[in-house]
Every structure is written in structure tokens, then in C-alpha cells.
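For reference, upload02.pdb (PDB, C-alpha atoms):
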```
ATOM      1  CA  MET A   5       0.000   0.000   0.000  1.00  0.00           C
ATOM      2  CA  LEU A   6       2.815   2.402   0.843  1.00  0.00           C
ATOM      3  CA  ILE A   7       4.572   1.741  -2.465  1.00  0.00           C
ATOM      4  CA  LYS A   8       1.309   2.255  -4.358  1.00  0.00           C
ATOM      5  CA  LYS A   9       0.729   5.559  -2.578  1.00  0.00           C
ATOM      6  CA  LEU A  10       4.272   6.709  -3.354  1.00  0.00           C
ATOM      7  CA  ILE A  11       3.775   5.850  -7.037  1.00  0.00           C
ATOM      8  CA  LEU A  12       0.501   7.791  -7.135  1.00  0.00           C
ATOM      9  CA  ASP A  13       2.098  10.754  -5.376  1.00  0.00           C
ATOM     10  CA  LEU A  14       5.002  10.741  -7.851  1.00  0.00           C
ATOM     11  CA  LYS A  15       2.604  10.474 -10.784  1.00  0.00           C
ATOM     12  CA  SER A  16       0.606  13.443  -9.509  1.00  0.00           C
ATOM     13  CA  TYR A  17       3.766  15.483  -8.852  1.00  0.00           C
ATOM     14  CA  LEU A  18       5.106  14.902 -12.369  1.00  0.00           C
ATOM     15  CA  SER A  19       1.730  15.653 -13.928  1.00  0.00           C
ATOM     16  CA  ILE A  20       1.219  18.895 -12.007  1.00  0.00           C
ATOM     17  CA  ASN A  21       4.745  20.245 -12.283  1.00  0.00           C
ATOM     18  CA  TYR A  22       5.814  19.066 -15.739  1.00  0.00           C
ATOM     19  CA  LEU A  23       3.142  17.495 -17.931  1.00  0.00           C
ATOM     20  CA  ASN A  24       0.313  19.988 -17.357  1.00  0.00           C
ATOM     21  CA  SER A  25       2.345  22.959 -18.540  1.00  0.00           C
ATOM     22  CA  ARG A  26       3.100  21.112 -21.789  1.00  0.00           C
ATOM     23  CA  ARG A  27      -0.403  19.773 -22.357  1.00  0.00           C
ATOM     24  CA  TYR A  28      -2.142  23.042 -21.443  1.00  0.00           C
ATOM     25  CA  PRO A  29       0.318  25.876 -22.184  1.00  0.00           C
ATOM     26  CA  ASP A  30      -2.334  28.608 -22.096  1.00  0.00           C
ATOM     27  CA  SER A  31      -4.024  27.429 -18.877  1.00  0.00           C
ATOM     28  CA  THR A  32      -3.109  27.323 -15.198  1.00  0.00           C
ATOM     29  CA  ILE A  33      -3.420  23.732 -13.934  1.00  0.00           C
ATOM     30  CA  GLU A  34      -2.282  23.080 -10.355  1.00  0.00           C
ATOM     31  CA  SER A  35      -3.985  19.698  -9.795  1.00  0.00           C
ATOM     32  CA  TYR A  36      -3.746  16.225 -11.307  1.00  0.00           C
ATOM     33  CA  ILE A  37      -5.576  15.802 -14.632  1.00  0.00           C
ATOM     34  CA  HIS A  38      -6.391  12.319 -15.948  1.00  0.00           C
ATOM     35  CA  LYS A  39      -5.469  11.589 -19.559  1.00  0.00           C
ATOM     36  CA  GLY A  40      -9.022  11.287 -20.839  1.00  0.00           C
ATOM     37  CA  LEU A  41     -10.060  14.757 -19.689  1.00  0.00           C
ATOM     38  CA  LYS A  42     -10.223  17.505 -22.319  1.00  0.00           C
ATOM     39  CA  VAL A  43      -9.343  20.892 -20.837  1.00  0.00           C
ATOM     40  CA  ASN A  44      -9.995  23.774 -23.199  1.00  0.00           C
ATOM     41  CA  SER A  45      -7.951  26.961 -23.431  1.00  0.00           C
ATOM     42  CA  ASN A  46      -7.565  29.668 -20.778  1.00  0.00           C
ATOM     43  CA  SER A  47      -8.842  27.475 -17.954  1.00  0.00           C
ATOM     44  CA  THR A  48      -7.675  27.597 -14.332  1.00  0.00           C
ATOM     45  CA  ILE A  49      -7.704  24.648 -11.941  1.00  0.00           C
ATOM     46  CA  ARG A  50      -6.289  25.496  -8.534  1.00  0.00           C
ATOM     47  CA  LYS A  51      -4.554  23.270  -5.981  1.00  0.00           C
ATOM     48  CA  GLY A  52      -6.221  20.308  -4.288  1.00  0.00           C
ATOM     49  CA  VAL A  53      -8.931  19.830  -6.920  1.00  0.00           C
ATOM     50  CA  THR A  54     -10.145  16.232  -7.371  1.00  0.00           C
ATOM     51  CA  LEU A  55     -11.463  15.393 -10.848  1.00  0.00           C
ATOM     52  CA  SER A  56     -13.150  12.038 -11.450  1.00  0.00           C
ATOM     53  CA  GLU A  57     -12.512  10.091 -14.630  1.00  0.00           C
ATOM     54  CA  LYS A  58     -16.228  10.479 -15.350  1.00  0.00           C
ATOM     55  CA  LEU A  59     -15.546  14.101 -16.267  1.00  0.00           C
ATOM     56  CA  ASP A  60     -14.994  14.333 -20.022  1.00  0.00           C
ATOM     57  CA  GLU A  61     -14.512  18.046 -20.653  1.00  0.00           C
ATOM     58  CA  ILE A  62     -13.838  21.390 -18.995  1.00  0.00           C
ATOM     59  CA  GLY A  63     -14.806  24.333 -21.163  1.00  0.00           C
ATOM     60  CA  THR A  64     -12.870  27.366 -22.333  1.00  0.00           C
ATOM     61  CA  GLY A  65     -12.146  30.007 -19.705  1.00  0.00           C
ATOM     62  CA  THR A  66     -13.495  27.983 -16.787  1.00  0.00           C
ATOM     63  CA  TYR A  67     -12.137  28.479 -13.247  1.00  0.00           C
ATOM     64  CA  ILE A  68     -12.169  25.822 -10.486  1.00  0.00           C
ATOM     65  CA  GLY A  69     -11.088  26.927  -7.008  1.00  0.00           C
ATOM     66  CA  ASN A  70      -8.940  25.235  -4.374  1.00  0.00           C
ATOM     67  CA  ASN A  71      -9.996  21.904  -2.863  1.00  0.00           C
ATOM     68  CA  SER A  72     -13.110  21.407  -4.952  1.00  0.00           C
ATOM     69  CA  THR A  73     -14.230  17.833  -5.702  1.00  0.00           C
ATOM     70  CA  ILE A  74     -15.935  16.850  -8.960  1.00  0.00           C
ATOM     71  CA  LEU A  75     -17.195  13.267  -9.000  1.00  0.00           C
ATOM     72  CA  ASN A  76     -20.201  12.104 -11.045  1.00  0.00           C
ATOM     73  CA  CYS A  77     -20.176  14.982 -13.529  1.00  0.00           C
ATOM     74  CA  SER A  78     -19.780  14.553 -17.283  1.00  0.00           C
ATOM     75  CA  ARG A  79     -19.209  18.087 -18.525  1.00  0.00           C
ATOM     76  CA  ILE A  80     -18.453  21.626 -17.379  1.00  0.00           C
ATOM     77  CA  GLY A  81     -19.180  24.312 -19.960  1.00  0.00           C
ATOM     78  CA  ASN A  82     -17.358  27.454 -21.075  1.00  0.00           C
ATOM     79  CA  TYR A  83     -16.666  30.447 -18.805  1.00  0.00           C
ATOM     80  CA  CYS A  84     -17.893  28.784 -15.614  1.00  0.00           C
ATOM     81  CA  SER A  85     -16.680  30.034 -12.226  1.00  0.00           C
ATOM     82  CA  ILE A  86     -16.510  27.387  -9.515  1.00  0.00           C
ATOM     83  CA  SER A  87     -15.328  28.631  -6.133  1.00  0.00           C
ATOM     84  CA  HIS A  88     -13.302  26.786  -3.464  1.00  0.00           C
ATOM     85  CA  ASP A  89     -14.483  23.736  -1.487  1.00  0.00           C
ATOM     86  CA  VAL A  90     -17.325  22.938  -3.889  1.00  0.00           C
ATOM     87  CA  LYS A  91     -18.550  19.324  -4.186  1.00  0.00           C
ATOM     88  CA  ILE A  92     -20.216  18.308  -7.452  1.00  0.00           C
ATOM     89  CA  GLY A  93     -21.866  15.025  -8.463  1.00  0.00           C
ATOM     90  CA  LEU A  94     -22.396  13.408  -5.069  1.00  0.00           C
ATOM     91  CA  ASP A  95     -24.643  10.330  -5.062  1.00  0.00           C
ATOM     92  CA  ASN A  96     -27.736  10.072  -2.904  1.00  0.00           C
ATOM     93  CA  HIS A  97     -28.432   6.979  -0.795  1.00  0.00           C
ATOM     94  CA  ASP A  98     -31.552   4.918  -1.506  1.00  0.00           C
ATOM     95  CA  LEU A  99     -33.884   5.282   1.480  1.00  0.00           C
ATOM     96  CA  ASN A 100     -36.336   2.581   0.385  1.00  0.00           C
ATOM     97  CA  GLY A 101     -34.166  -0.498   0.873  1.00  0.00           C
ATOM     98  CA  LEU A 102     -33.308  -2.562   3.937  1.00  0.00           C
ATOM     99  CA  SER A 103     -30.241  -0.440   4.634  1.00  0.00           C
ATOM    100  CA  THR A 104     -28.668   2.789   3.410  1.00  0.00           C
ATOM    101  CA  SER A 105     -25.277   1.056   3.442  1.00  0.00           C
ATOM    102  CA  PRO A 106     -23.886   0.222  -0.033  1.00  0.00           C
ATOM    103  CA  LEU A 107     -22.490  -2.966   1.541  1.00  0.00           C
ATOM    104  CA  ILE A 108     -26.047  -4.227   2.111  1.00  0.00           C
ATOM    105  CA  CYS A 109     -28.057  -2.667  -0.700  1.00  0.00           C
ATOM    106  CA  LYS A 110     -26.372  -1.889  -3.986  1.00  0.00           C
ATOM    107  CA  MET A 111     -26.835   1.728  -5.009  1.00  0.00           C
ATOM    108  CA  LYS A 112     -28.360   2.354  -8.438  1.00  0.00           C
ATOM    109  CA  PRO A 113     -26.052   4.206 -10.833  1.00  0.00           C
ATOM    110  CA  ALA A 114     -26.967   7.878 -10.834  1.00  0.00           C
ATOM    111  CA  SER A 115     -27.064  10.106 -13.892  1.00  0.00           C
ATOM    112  CA  PRO A 116     -24.134  12.511 -14.159  1.00  0.00           C
ATOM    113  CA  THR A 117     -24.358  16.165 -13.252  1.00  0.00           C
ATOM    114  CA  ILE A 118     -24.164  18.577 -16.189  1.00  0.00           C
ATOM    115  CA  ILE A 119     -22.925  22.139 -15.794  1.00  0.00           C
ATOM    116  CA  GLU A 120     -23.743  24.261 -18.811  1.00  0.00           C
ATOM    117  CA  HIS A 121     -22.048  27.583 -19.692  1.00  0.00           C
ATOM    118  CA  ASP A 122     -21.249  30.743 -17.685  1.00  0.00           C
ATOM    119  CA  VAL A 123     -22.431  29.110 -14.443  1.00  0.00           C
ATOM    120  CA  LEU A 124     -21.309  30.666 -11.140  1.00  0.00           C
ATOM    121  CA  ILE A 125     -21.038  28.255  -8.200  1.00  0.00           C
ATOM    122  CA  SER A 126     -20.099  29.968  -4.946  1.00  0.00           C
ATOM    123  CA  ALA A 127     -18.018  28.573  -2.076  1.00  0.00           C
ATOM    124  CA  ASN A 128     -18.965  25.405  -0.152  1.00  0.00           C
ATOM    125  CA  VAL A 129     -21.815  24.407  -2.448  1.00  0.00           C
ATOM    126  CA  VAL A 130     -22.873  20.721  -2.627  1.00  0.00           C
ATOM    127  CA  ILE A 131     -24.493  19.488  -5.858  1.00  0.00           C
ATOM    128  CA  LEU A 132     -26.024  16.020  -6.203  1.00  0.00           C
ATOM    129  CA  SER A 133     -25.670  13.703  -9.192  1.00  0.00           C
ATOM    130  CA  GLY A 134     -28.184  14.002 -12.002  1.00  0.00           C
ATOM    131  CA  VAL A 135     -28.630  17.749 -11.665  1.00  0.00           C
ATOM    132  CA  THR A 136     -28.315  20.146 -14.622  1.00  0.00           C
ATOM    133  CA  LEU A 137     -27.241  23.712 -13.942  1.00  0.00           C
ATOM    134  CA  GLY A 138     -28.510  25.878 -16.788  1.00  0.00           C
ATOM    135  CA  THR A 139     -26.418  28.428 -18.640  1.00  0.00           C
ATOM    136  CA  GLY A 140     -25.909  31.689 -16.761  1.00  0.00           C
ATOM    137  CA  CYS A 141     -27.323  30.487 -13.444  1.00  0.00           C
ATOM    138  CA  VAL A 142     -25.849  31.474 -10.064  1.00  0.00           C
ATOM    139  CA  ILE A 143     -25.673  29.230  -6.988  1.00  0.00           C
ATOM    140  CA  GLY A 144     -25.257  31.034  -3.656  1.00  0.00           C
ATOM    141  CA  ALA A 145     -22.624  30.071  -1.086  1.00  0.00           C
ATOM    142  CA  ASN A 146     -23.267  27.041   1.166  1.00  0.00           C
ATOM    143  CA  SER A 147     -26.236  25.884  -0.930  1.00  0.00           C
ATOM    144  CA  PHE A 148     -27.324  22.257  -1.353  1.00  0.00           C
ATOM    145  CA  VAL A 149     -28.543  21.618  -4.904  1.00  0.00           C
ATOM    146  CA  ASN A 150     -30.722  18.551  -5.515  1.00  0.00           C
ATOM    147  CA  CYS A 151     -32.762  19.692  -8.536  1.00  0.00           C
ATOM    148  CA  ASP A 152     -32.203  21.306 -11.944  1.00  0.00           C
ATOM    149  CA  ILE A 153     -31.605  25.051 -11.938  1.00  0.00           C
ATOM    150  CA  PRO A 154     -32.967  26.990 -14.944  1.00  0.00           C
ATOM    151  CA  PRO A 155     -30.766  29.232 -17.117  1.00  0.00           C
ATOM    152  CA  TYR A 156     -30.018  32.737 -15.818  1.00  0.00           C
ATOM    153  CA  SER A 157     -31.667  32.137 -12.445  1.00  0.00           C
ATOM    154  CA  ILE A 158     -30.265  32.643  -8.942  1.00  0.00           C
ATOM    155  CA  ALA A 159     -30.691  29.784  -6.448  1.00  0.00           C
ATOM    156  CA  VAL A 160     -29.741  29.707  -2.762  1.00  0.00           C
ATOM    157  CA  GLY A 161     -30.395  27.641   0.344  1.00  0.00           C
ATOM    158  CA  SER A 162     -30.538  24.038   1.530  1.00  0.00           C
ATOM    159  CA  PRO A 163     -32.181  22.682  -0.492  1.00  0.00           C
ATOM    160  CA  ALA A 164     -31.506  25.371  -3.071  1.00  0.00           C
ATOM    161  CA  LYS A 165     -34.505  27.272  -4.408  1.00  0.00           C
ATOM    162  CA  VAL A 166     -34.696  29.827  -7.192  1.00  0.00           C
ATOM    163  CA  ILE A 167     -35.165  33.267  -5.605  1.00  0.00           C
ATOM    164  CA  LYS A 168     -35.075  35.369  -8.778  1.00  0.00           C
ATOM    165  CA  HIS A 169     -34.158  35.421 -12.451  1.00  0.00           C
ATOM    166  CA  ARG A 170     -31.272  37.551 -13.617  1.00  0.00           C
ATOM    167  CA  PHE A 171     -33.128  38.834 -16.691  1.00  0.00           C
ATOM    168  CA  ASN A 172     -36.610  38.686 -18.204  1.00  0.00           C
ATOM    169  CA  LYS A 173     -37.606  35.802 -20.476  1.00  0.00           C
ATOM    170  CA  LYS A 174     -37.092  37.777 -23.691  1.00  0.00           C
ATOM    171  CA  THR A 175     -33.513  38.674 -22.732  1.00  0.00           C
ATOM    172  CA  VAL A 176     -32.755  35.120 -21.570  1.00  0.00           C
ATOM    173  CA  ASP A 177     -34.068  33.715 -24.855  1.00  0.00           C
ATOM    174  CA  SER A 178     -31.930  36.199 -26.825  1.00  0.00           C
ATOM    175  CA  LEU A 179     -28.786  35.317 -24.852  1.00  0.00           C
ATOM    176  CA  LEU A 180     -29.375  31.580 -25.203  1.00  0.00           C
ATOM    177  CA  THR A 181     -30.076  31.931 -28.924  1.00  0.00           C
ATOM    178  CA  SER A 182     -26.874  33.931 -29.435  1.00  0.00           C
ATOM    179  CA  LYS A 183     -24.713  31.150 -27.928  1.00  0.00           C
ATOM    180  CA  TRP A 184     -22.117  33.826 -27.189  1.00  0.00           C
ATOM    181  CA  TRP A 185     -20.039  31.353 -25.137  1.00  0.00           C
ATOM    182  CA  GLU A 186     -19.190  29.421 -28.316  1.00  0.00           C
ATOM    183  CA  LYS A 187     -17.617  32.436 -30.020  1.00  0.00           C
ATOM    184  CA  GLU A 188     -13.966  33.489 -29.892  1.00  0.00           C
ATOM    185  CA  ARG A 189     -13.126  35.936 -27.111  1.00  0.00           C
ATOM    186  CA  GLU A 190     -12.227  38.625 -29.642  1.00  0.00           C
ATOM    187  CA  GLU A 191     -15.698  38.363 -31.170  1.00  0.00           C
ATOM    188  CA  ILE A 192     -17.358  38.387 -27.733  1.00  0.00           C
ATOM    189  CA  ASN A 193     -15.447  41.511 -26.720  1.00  0.00           C
ATOM    190  CA  ALA A 194     -16.205  43.181 -30.048  1.00  0.00           C
ATOM    191  CA  ASN A 195     -19.929  42.621 -29.468  1.00  0.00           C
ATOM    192  CA  LEU A 196     -20.090  43.543 -25.776  1.00  0.00           C
ATOM    193  CA  GLY A 197     -22.061  46.648 -26.706  1.00  0.00           C
ATOM    194  CA  PHE A 198     -24.788  44.477 -28.244  1.00  0.00           C
ATOM    195  CA  TYR A 199     -25.002  42.178 -25.211  1.00  0.00           C
ATOM    196  CA  ASN A 200     -24.918  45.091 -22.759  1.00  0.00           C
ATOM    197  CA  LYS A 201     -27.733  46.770 -24.703  1.00  0.00           C
ATOM    198  CA  LEU A 202     -29.840  43.643 -24.280  1.00  0.00           C
ATOM    199  CA  ILE A 203     -29.278  43.756 -20.526  1.00  0.00           C
ATOM    200  CA  GLU A 204     -29.879  47.530 -20.287  1.00  0.00           C
ATOM    201  CA  ASP A 205     -33.166  47.142 -22.169  1.00  0.00           C
ATOM    202  CA  ASP A 206     -34.073  44.355 -19.730  1.00  0.00           C
ATOM    203  CA  ASP A 207     -33.410  46.632 -16.734  1.00  0.00           C
ATOM    204  CA  ALA A 208     -35.502  49.391 -18.278  1.00  0.00           C
ATOM    205  CA  SER A 209     -38.451  47.044 -18.794  1.00  0.00           C
ATOM    206  CA  GLN A 210     -38.613  45.925 -15.144  1.00  0.00           C
TER     207      GLN A 210
END
```
What does this structure look like when you write it as C-alpha cells?
Amino acid sequence: MLIKKLILDLKSYLSINYLNSRRYPDSTIESYIHKGLKVNSNSTIRKGVTLSEKLDEIGTGTYIGNNSTILNCSRIGNYCSISHDVKIGLDNHDLNGLSTSPLICKMKPASPTIIEHDVLISANVVILSGVTLGTGCVIGANSFVNCDIPPYSIAVGSPAKVIKHRFNKKTVDSLLTSKWWEKEREEINANLGFYNKLIEDDDASQ
């Protein structure tokens, strides 16, 4: 066991300090990344982050803070901001069997969590497996998320509940239709005036 741990520690050290800088020259990666994970450009993964092999892709410009754990999650979209000490893709125990112990009753495989684009997840949030966080949504600090969160909404609490929507439906539909997160950063910046006008018009209509 000790030898196995030393090998894993060495593997992680080499990956973090040598391989990551070569594989992801335009990103900041301070944690171990498994070979099957696609990390897109300009991403930041801070120290102590645990990434399960179930995670297939981390989008462009996404930030993951220190000591976050991502387990049963298949995809994280572009321009997401995940704070420190966040736990994503935790499985729920079946309460209808003889026992809640997985040694007695086998747990059913849960669907993976999906995090769409431009999602903000604040510190110390817990998100269960099978949940989809819609594009542009915001999850408040210390929240427990056990249901889907719609695009461009703000959810807080334990369990998390939507307390408001960031924009009206017309603006949300326009932003989702534009798929701005798929465009190059230069094009996004060049069209900031258009997107800001959408939001200003939304504010004026409320």
C-alpha cells in the first residue's frame, strides 16, 4: 500500500509540475488531470482539486477553485466560475431499501451532473448527481442543490430554491439563442455593446 501511494504521489507530482504545462500551455493547472479529460484553453484549476474520470470536458475560460471535488459529472461548460471547497456530483443513498449502506443494498447508478455555460457556483456548495445547472445560473454560497436550476436564475439555500431570475424571459431567450459562449473571445469583446444593450433594455423594462 505504501509503495502504491508513493507511485501515485510521484505520478501526480510529475503531472502537475511538468506534464500539465506542456499539455495546457495557455491554462493554469495546479492539480492532477487524468489523460481522458479535455481541458480547453484559458482554464484555471487550482490546488487540491479532485477530478473524477467520469468528467470528459472542462470548457474554455473555466475556473475551479482550491480543494473542490468533482465526482459524477460529465461536462463543465465554457466560462464557468466554480469557487473553493465545492462538491459536485455526489450520489444520494436509496432510502427505500433494507439499509442505506452500499455494503447491504447496492446503489443504483446515478445520472451525471451537467454544468452548462457561464455558471457561477459559490463557495462550499454541494451538488447532487443528475442535476443540470442551466447556462448563466448562479448558486449562492453554502447551498445544497438537488434539482435542476434553470438558465439565468439565482438559487440559494438548503435545499436550493430559485429566488429570482437575472433577466426577463425575452432577454434570456436572446442570450441563449446567441450562444455567445461558443464564439472566440475577440468576437465576444467586439460585441459587448450588443449584449450590454440587451441587458440595459431588460433593466428598463422591469
Explicit residues for the PyMOL selection byres ((chain A and resi 128) around 8) (as a short mmCIF file (atom, residue, chain, number, x, y, z; two decimals) with C-alpha atoms, keeping the file's coordinate frame):
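Result written to expr-v5.cif:
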```
data_model
loop_
_atom_site.label_atom_id
_atom_site.label_comp_id
_atom_site.auth_asym_id
_atom_site.auth_seq_id
_atom_site.Cartn_x
_atom_site.Cartn_y
_atom_site.Cartn_z
CA SER A 87 -15.33 28.63 -6.13
CA HIS A 88 -13.30 26.79 -3.46
CA ASP A 89 -14.48 23.74 -1.49
CA VAL A 90 -17.32 22.94 -3.89
CA LYS A 91 -18.55 19.32 -4.19
CA SER A 126 -20.10 29.97 -4.95
CA ALA A 127 -18.02 28.57 -2.08
CA VAL A 129 -21.82 24.41 -2.45
CA VAL A 130 -22.87 20.72 -2.63
CA ALA A 145 -22.62 30.07 -1.09
CA ASN A 146 -23.27 27.04 1.17
CA SER A 147 -26.24 25.88 -0.93
#
```
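Remark: for Val53 in chain A, the closest of the candidate residues A:Leu94, A:Val176, A:Leu75, A:Leu41 is A:Leu75 (distances computed over all atoms listed in the file).
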Review point. How would you write, as a ChimeraX atom specification, the residues chosen by the PyMOL selection byres ((chain A and resi 160-164) around 12) on this structure?
Key: /A:124-132,135,137,141-153,157-159,165-168
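For the choices A:Ser72, A:Thr48, A:Thr64, A:Thr181, the atom-to-atom distance to Ile33 in chain A is smallest for A:Thr48 when using only C-alpha atoms.
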Exercise for review: Take CA of Gly138 in chain A and CA of Leu180 in chain A and report the distance between them in Å, one decimal.
Suggested key: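 These two atoms are separated by 10.2 Å.
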Practice item. Could you state which residues are captured by the PyMOL selection byres ((chain A and resi 189) around 12) in this file, as a list in words? Key: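 With the PyMOL selection byres ((chain A and resi 189) around 12) on this model, the match is Ser45, Asn46, Thr64, Gly65, Asn82, Tyr83, Trp184, Trp185, Glu186, Lys187, Glu188, Glu190, Glu191, Ile192, Asn193, Ala194, Asn195 and Leu196 of chain A.
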